[in-house]
file my_file32.cif (mmCIF, C-alpha atoms)
data_run
loop_
_atom_site.group_PDB
_atom_site.id
_atom_site.type_symbol
_atom_site.label_atom_id
_atom_site.label_comp_id
_atom_site.auth_asym_id
_atom_site.auth_seq_id
_atom_site.Cartn_x
_atom_site.Cartn_y
_atom_site.Cartn_z
ATOM 1 C CA MET A 351 -11.619 -21.898 -47.490
ATOM 2 C CA LYS A 352 -8.197 -21.165 -45.945
ATOM 3 C CA VAL A 353 -8.945 -17.443 -45.782
ATOM 4 C CA LYS A 354 -12.145 -18.180 -43.883
ATOM 5 C CA ASN A 355 -10.241 -20.298 -41.316
ATOM 6 C CA VAL A 356 -7.660 -17.526 -40.814
ATOM 7 C CA TYR A 357 -10.385 -14.984 -40.094
ATOM 8 C CA TYR A 358 -12.156 -17.417 -37.783
ATOM 9 C CA THR A 359 -8.906 -18.124 -35.884
ATOM 10 C CA PHE A 360 -8.078 -14.425 -35.660
ATOM 11 C CA PHE A 361 -11.579 -13.636 -34.370
ATOM 12 C CA ILE A 362 -11.305 -16.339 -31.668
ATOM 13 C CA PHE A 363 -7.874 -15.033 -30.641
ATOM 14 C CA ILE A 364 -9.225 -11.475 -30.250
ATOM 15 C CA VAL A 365 -12.224 -12.655 -28.205
ATOM 16 C CA LEU A 366 -9.983 -14.734 -25.923
ATOM 17 C CA ALA A 367 -7.584 -11.811 -25.463
ATOM 18 C CA ILE A 368 -10.456 -9.522 -24.465
ATOM 19 C CA LEU A 369 -11.883 -12.094 -22.049
ATOM 20 C CA CYS A 370 -8.509 -12.858 -20.455
ATOM 21 C CA TYR A 371 -7.339 -9.251 -20.096
ATOM 22 C CA PRO A 372 -8.903 -8.633 -16.634
ATOM 23 C CA ILE A 373 -7.291 -11.752 -15.216
ATOM 24 C CA ILE A 374 -3.898 -11.083 -16.764
ATOM 25 C CA SER A 375 -3.885 -7.406 -15.749
ATOM 26 C CA THR A 376 -4.745 -8.283 -12.156
ATOM 27 C CA TYR A 377 -1.659 -10.441 -11.852
ATOM 28 C CA ALA A 378 0.642 -8.323 -13.977
ATOM 29 C CA PHE A 379 -0.115 -4.870 -12.598
ATOM 30 C CA GLU A 380 -1.105 -5.568 -9.000
ATOM 31 C CA ASN A 381 1.249 -4.161 -6.373
ATOM 32 C CA LYS A 382 2.428 -7.615 -5.368
ATOM 33 C CA LYS A 383 4.960 -8.500 -2.746
ATOM 34 C CA SER A 384 8.053 -10.278 -3.946
ATOM 35 C CA ASP A 385 9.607 -13.105 -1.948
ATOM 36 C CA ILE A 386 11.875 -10.575 -0.253
ATOM 37 C CA TYR A 387 8.823 -9.014 1.351
ATOM 38 C CA LYS A 388 6.616 -12.082 1.810
ATOM 39 C CA ASN A 389 9.119 -13.993 3.903
ATOM 40 C CA ALA A 390 9.206 -11.609 6.822
ATOM 41 C CA ILE A 391 10.761 -12.748 10.046
ATOM 42 C CA GLU A 392 8.701 -11.844 13.079
ATOM 43 C CA TYR A 393 10.830 -9.611 15.172
ATOM 44 C CA ASN A 394 10.276 -7.183 17.983
ATOM 45 C CA CYS A 395 11.498 -3.987 16.339
ATOM 46 C CA SER A 396 11.213 -2.030 19.563
ATOM 47 C CA ASP A 397 13.945 0.458 18.720
ATOM 48 C CA ASN A 398 12.605 1.255 15.264
ATOM 49 C CA ILE A 399 8.918 1.978 15.836
ATOM 50 C CA ASN A 400 6.676 4.196 17.873
ATOM 51 C CA ASN A 401 5.162 2.722 21.059
ATOM 52 C CA TYR A 402 1.676 3.296 19.616
ATOM 53 C CA PHE A 403 2.217 0.514 17.096
ATOM 54 C CA LYS A 404 3.381 -1.918 19.771
ATOM 55 C CA SER A 405 0.057 -1.627 21.577
ATOM 56 C CA LYS A 406 -2.130 -3.158 18.825
ATOM 57 C CA GLN A 407 -2.020 -6.660 17.369
ATOM 58 C CA ALA A 408 -2.781 -5.405 13.829
ATOM 59 C CA TYR A 409 0.565 -3.580 13.809
ATOM 60 C CA LYS A 410 2.664 -6.678 14.485
ATOM 61 C CA THR A 411 6.089 -6.002 12.990
ATOM 62 C CA GLY A 412 8.899 -7.995 11.509
ATOM 63 C CA ILE A 413 11.872 -7.551 9.258
ATOM 64 C CA ASN A 414 12.232 -8.557 5.629
ATOM 65 C CA ALA A 415 15.214 -9.962 3.777
ATOM 66 C CA LEU A 416 16.490 -6.406 3.217
ATOM 67 C CA ASN A 417 16.529 -5.863 7.011
ATOM 68 C CA ARG A 418 13.720 -3.289 6.832
ATOM 69 C CA THR A 419 10.932 -3.084 9.374
ATOM 70 C CA ILE A 420 7.573 -4.107 7.946
ATOM 71 C CA PHE A 421 4.119 -5.019 9.208
ATOM 72 C CA ILE A 422 3.590 -8.797 9.173
ATOM 73 C CA ASP A 423 -0.002 -8.529 7.903
ATOM 74 C CA THR A 424 0.008 -5.423 5.710
ATOM 75 C CA GLU A 425 -3.696 -5.593 4.884
ATOM 76 C CA LYS A 426 -4.756 -5.816 8.520
ATOM 77 C CA ALA A 427 -2.327 -3.055 9.501
ATOM 78 C CA PHE A 428 -3.580 -0.770 6.720
ATOM 79 C CA GLU A 429 -7.236 -1.317 7.645
ATOM 80 C CA GLN A 430 -6.444 -0.526 11.292
ATOM 81 C CA ALA A 431 -4.495 2.597 10.323
ATOM 82 C CA MET A 432 -7.398 3.924 8.259
ATOM 83 C CA ILE A 433 -9.562 3.588 11.389
ATOM 84 C CA ASP A 434 -6.991 4.886 13.894
ATOM 85 C CA PHE A 435 -5.860 7.843 11.809
ATOM 86 C CA LYS A 436 -9.169 8.877 10.234
ATOM 87 C CA ASN A 437 -8.898 12.505 11.428
ATOM 88 C CA ALA A 438 -5.362 12.785 10.090
ATOM 89 C CA CYS A 439 -6.432 11.306 6.741
ATOM 90 C CA ASP A 440 -9.360 13.716 6.475
ATOM 91 C CA TYR A 441 -7.103 16.674 7.263
ATOM 92 C CA LEU A 442 -4.400 15.633 4.783
ATOM 93 C CA GLU A 443 -6.931 14.982 2.036
ATOM 94 C CA THR A 444 -8.309 18.497 2.514
ATOM 95 C CA GLU A 445 -4.951 20.260 2.849
ATOM 96 C CA LEU A 446 -2.782 18.433 0.326
ATOM 97 C CA GLN A 447 -5.535 17.358 -2.082
ATOM 98 C CA PHE A 448 -3.849 14.229 -3.453
ATOM 99 C CA GLY A 449 -7.083 12.265 -3.228
ATOM 100 C CA THR A 450 -7.891 9.797 -0.491
ATOM 101 C CA VAL A 451 -5.086 8.476 1.657
ATOM 102 C CA LYS A 452 -6.575 4.995 1.289
ATOM 103 C CA HIS A 453 -6.111 4.986 -2.483
ATOM 104 C CA ASN A 454 -3.090 7.308 -2.806
ATOM 105 C CA TRP A 455 -1.021 6.352 0.229
ATOM 106 C CA GLN A 456 2.193 6.241 -1.848
ATOM 107 C CA ILE A 457 1.971 9.975 -2.539
ATOM 108 C CA TYR A 458 1.227 10.773 1.093
ATOM 109 C CA ALA A 459 4.139 8.587 2.229
ATOM 110 C CA GLN A 460 6.464 10.948 0.360
ATOM 111 C CA GLN A 461 5.127 13.986 2.260
ATOM 112 C CA ARG A 462 6.461 13.009 5.707
ATOM 113 C CA ALA A 463 8.591 16.165 5.973
ATOM 114 C CA TRP A 464 5.481 18.353 5.621
ATOM 115 C CA LYS A 465 4.508 19.967 8.928
ATOM 116 C CA PRO A 466 0.838 20.866 9.261
ATOM 117 C CA ASP A 467 -0.404 24.021 10.911
ATOM 118 C CA CYS A 468 -3.127 22.581 13.135
ATOM 119 C CA GLU A 469 -3.825 21.707 16.766
ATOM 120 C CA LYS A 470 -1.253 19.643 18.611
ATOM 121 C CA GLU A 471 -3.399 16.506 18.957
ATOM 122 C CA LEU A 472 -4.009 16.373 15.197
ATOM 123 C CA GLN A 473 -0.306 17.025 14.526
ATOM 124 C CA GLU A 474 0.562 13.998 16.658
ATOM 125 C CA GLU A 475 -1.939 11.841 14.771
ATOM 126 C CA ILE A 476 -0.492 13.004 11.441
ATOM 127 C CA THR A 477 3.018 12.182 12.678
ATOM 128 C CA LEU A 478 1.823 8.688 13.629
ATOM 129 C CA LEU A 479 0.220 8.265 10.198
ATOM 130 C CA PHE A 480 3.478 9.236 8.490
ATOM 131 C CA SER A 481 5.363 6.813 10.783
ATOM 132 C CA PHE A 482 2.917 4.096 9.782
ATOM 133 C CA LEU A 483 3.399 4.843 6.081
ATOM 134 C CA ASP A 484 7.193 4.772 6.493
ATOM 135 C CA ILE A 485 6.971 1.182 7.744
ATOM 136 C CA TYR A 486 4.107 0.157 5.454
ATOM 137 C CA LYS A 487 5.912 1.172 2.258
ATOM 138 C CA ASN A 488 8.748 -1.236 3.076
ATOM 139 C CA SER A 489 6.432 -4.076 2.085
ATOM 140 C CA PHE A 490 6.303 -3.177 -1.597
ATOM 141 C CA ASP A 491 8.865 -3.388 -4.401
ATOM 142 C CA SER A 492 7.771 -0.151 -6.050
ATOM 143 C CA PHE A 493 9.527 1.954 -3.414
ATOM 144 C CA TYR A 494 12.965 0.413 -3.965
#
call {"tool": "encode", "arguments": {"input": "my_file32.cif", "output": "structure tokens"}}
result
Amino acid sequence: MKVKNVYYTFFIFIVLAILCYPIISTYAFENKKSDIYKNAIEYNCSDNINNYFKSKQAYKTGINALNRTIFIDTEKAFEQAMIDFKNACDYLETELQFGTVKHNWQIYAQQRAWKPDCEKELQEEITLLFSFLDIYKNSFDSFY
């Protein structure tokens, strides 16, 4: 009788572990912001960022506890950047082949020294995208 209860308990434990894994993994492995990054102070970082980012509400900036420039609403800023810099993203995805910028932005953020051989207008858009990624990455622990 005891052996049967042990197997029954073990079976229930395994089923619960399988059912809870998606929830646990979402919280454990998600690229979450720590308190250092959540508690941004709104600040006009006029000296630190390109004028392009000052012109749109989605790119509202602030500073975090580490005194780094960040975007106040990172999700809104990222969505806007994917719209504003679509041509640059398409070009980089074709040239560098790291996958989509949307899903692999961390890899592209490390390529800011790369200078593309393309028309001037596209070069400027790529420079703006790299500037965006330089600020955007400040919002996540995994870069520091």
call {"tool": "resolve_selection", "arguments": {"input": "my_file32.cif", "expression": "the PyMOL selection byres ((chain A and resi 429-431) around 10)", "output": "PyMOL selection string"}}
result
chain A and resi 403+406-409+424-428+432-436+439+452+478-479+482-483
call {"tool": "atom_distance", "arguments": {"input": "my_file32.cif", "atom1": "CA of Gln461 in chain A", "atom2": "CA of Phe480 in chain A"}}
result
8.0 Å
call {"tool": "atom_distance", "arguments": {"input": "my_file32.cif", "atom1": "CA of Val356 in chain A", "atom2": "CA of Ile373 in chain A"}}
result
26.2 Å
call {"tool": "resolve_selection", "arguments": {"input": "my_file32.cif", "expression": "the PyMOL selection byres ((chain A and resi 441-447) around 12)", "output": "PyMOL selection string"}}
result
chain A and resi 435-440+448-455+457-462+464-469+472-473+475-477+479-480
call {"tool": "closest_residue", "arguments": {"input": "my_file32.cif", "among": "A:Tyr486, A:Tyr371, A:Phe363, A:Tyr357", "to": "Ile413 in chain A", "atoms": "only C-alpha atoms"}}
result
A:Tyr486
call {"tool": "atom_distance", "arguments": {"input": "my_file32.cif", "atom1": "CA of Arg418 in chain A", "atom2": "CA of Ile485 in chain A"}}
result
8.1 Å
call {"tool": "residues_around", "arguments": {"input": "my_file32.cif", "residues": "Thr411 in chain A", "least_positions_apart": "6", "cutoff": "6 Å", "atoms": "only C-alpha atoms", "output": "PyMOL selection string"}}
result
chain A and resi 420-422
call {"tool": "closest_residue", "arguments": {"input": "my_file32.cif", "among": "A:Ala415, A:Phe361, A:Ala463, A:Lys410", "to": "Ser481 in chain A", "atoms": "only C-alpha atoms"}}
result
A:Ala463
call {"tool": "decode", "arguments": {"input": "my_file32.cif", "residues": "range 437-448 of chain A", "atoms": "N, CA, C and O atoms", "output": "PDB file, in the first residue's frame"}}
result
ATOM      1  N   ASN A 437      13.778  50.181 -43.000  1.00  0.00           N
ATOM      2  CA  ASN A 437      14.745  50.001 -44.099  1.00  0.00           C
ATOM      3  C   ASN A 437      16.113  49.592 -43.578  1.00  0.00           C
ATOM      4  O   ASN A 437      16.777  48.731 -44.147  1.00  0.00           O
ATOM      5  N   ALA A 438      16.532  50.199 -42.484  1.00  0.00           N
ATOM      6  CA  ALA A 438      17.819  49.857 -41.884  1.00  0.00           C
ATOM      7  C   ALA A 438      17.804  48.418 -41.377  1.00  0.00           C
ATOM      8  O   ALA A 438      18.766  47.665 -41.584  1.00  0.00           O
ATOM      9  N   CYS A 439      16.704  48.019 -40.750  1.00  0.00           N
ATOM     10  CA  CYS A 439      16.583  46.639 -40.252  1.00  0.00           C
ATOM     11  C   CYS A 439      16.646  45.643 -41.402  1.00  0.00           C
ATOM     12  O   CYS A 439      17.366  44.642 -41.329  1.00  0.00           O
ATOM     13  N   ASP A 440      15.911  45.928 -42.472  1.00  0.00           N
ATOM     14  CA  ASP A 440      15.913  45.039 -43.635  1.00  0.00           C
ATOM     15  C   ASP A 440      17.319  44.902 -44.218  1.00  0.00           C
ATOM     16  O   ASP A 440      17.767  43.806 -44.550  1.00  0.00           O
ATOM     17  N   TYR A 441      18.020  46.027 -44.317  1.00  0.00           N
ATOM     18  CA  TYR A 441      19.374  46.012 -44.873  1.00  0.00           C
ATOM     19  C   TYR A 441      20.324  45.209 -43.978  1.00  0.00           C
ATOM     20  O   TYR A 441      21.087  44.369 -44.457  1.00  0.00           O
ATOM     21  N   LEU A 442      20.272  45.459 -42.674  1.00  0.00           N
ATOM     22  CA  LEU A 442      21.156  44.755 -41.745  1.00  0.00           C
ATOM     23  C   LEU A 442      20.877  43.256 -41.716  1.00  0.00           C
ATOM     24  O   LEU A 442      21.811  42.452 -41.659  1.00  0.00           O
ATOM     25  N   GLU A 443      19.603  42.903 -41.766  1.00  0.00           N
ATOM     26  CA  GLU A 443      19.239  41.484 -41.761  1.00  0.00           C
ATOM     27  C   GLU A 443      19.784  40.774 -42.993  1.00  0.00           C
ATOM     28  O   GLU A 443      20.215  39.624 -42.911  1.00  0.00           O
ATOM     29  N   THR A 444      19.808  41.472 -44.120  1.00  0.00           N
ATOM     30  CA  THR A 444      20.331  40.896 -45.358  1.00  0.00           C
ATOM     31  C   THR A 444      21.859  40.837 -45.339  1.00  0.00           C
ATOM     32  O   THR A 444      22.453  39.826 -45.696  1.00  0.00           O
ATOM     33  N   GLU A 445      22.488  41.916 -44.889  1.00  0.00           N
ATOM     34  CA  GLU A 445      23.947  42.004 -44.922  1.00  0.00           C
ATOM     35  C   GLU A 445      24.636  41.188 -43.825  1.00  0.00           C
ATOM     36  O   GLU A 445      25.612  40.504 -44.079  1.00  0.00           O
ATOM     37  N   LEU A 446      24.150  41.308 -42.610  1.00  0.00           N
ATOM     38  CA  LEU A 446      24.833  40.664 -41.483  1.00  0.00           C
ATOM     39  C   LEU A 446      24.293  39.271 -41.174  1.00  0.00           C
ATOM     40  O   LEU A 446      24.981  38.464 -40.565  1.00  0.00           O
ATOM     41  N   GLN A 447      23.062  39.021 -41.540  1.00  0.00           N
ATOM     42  CA  GLN A 447      22.428  37.707 -41.414  1.00  0.00           C
ATOM     43  C   GLN A 447      22.471  37.133 -39.993  1.00  0.00           C
ATOM     44  O   GLN A 447      22.829  35.981 -39.776  1.00  0.00           O
ATOM     45  N   PHE A 448      22.076  37.957 -39.021  1.00  0.00           N
ATOM     46  CA  PHE A 448      21.950  37.500 -37.640  1.00  0.00           C
ATOM     47  C   PHE A 448      20.497  37.195 -37.293  1.00  0.00           C
ATOM     48  O   PHE A 448      20.153  37.045 -36.138  1.00  0.00           O
TER      49      PHE A 448
END
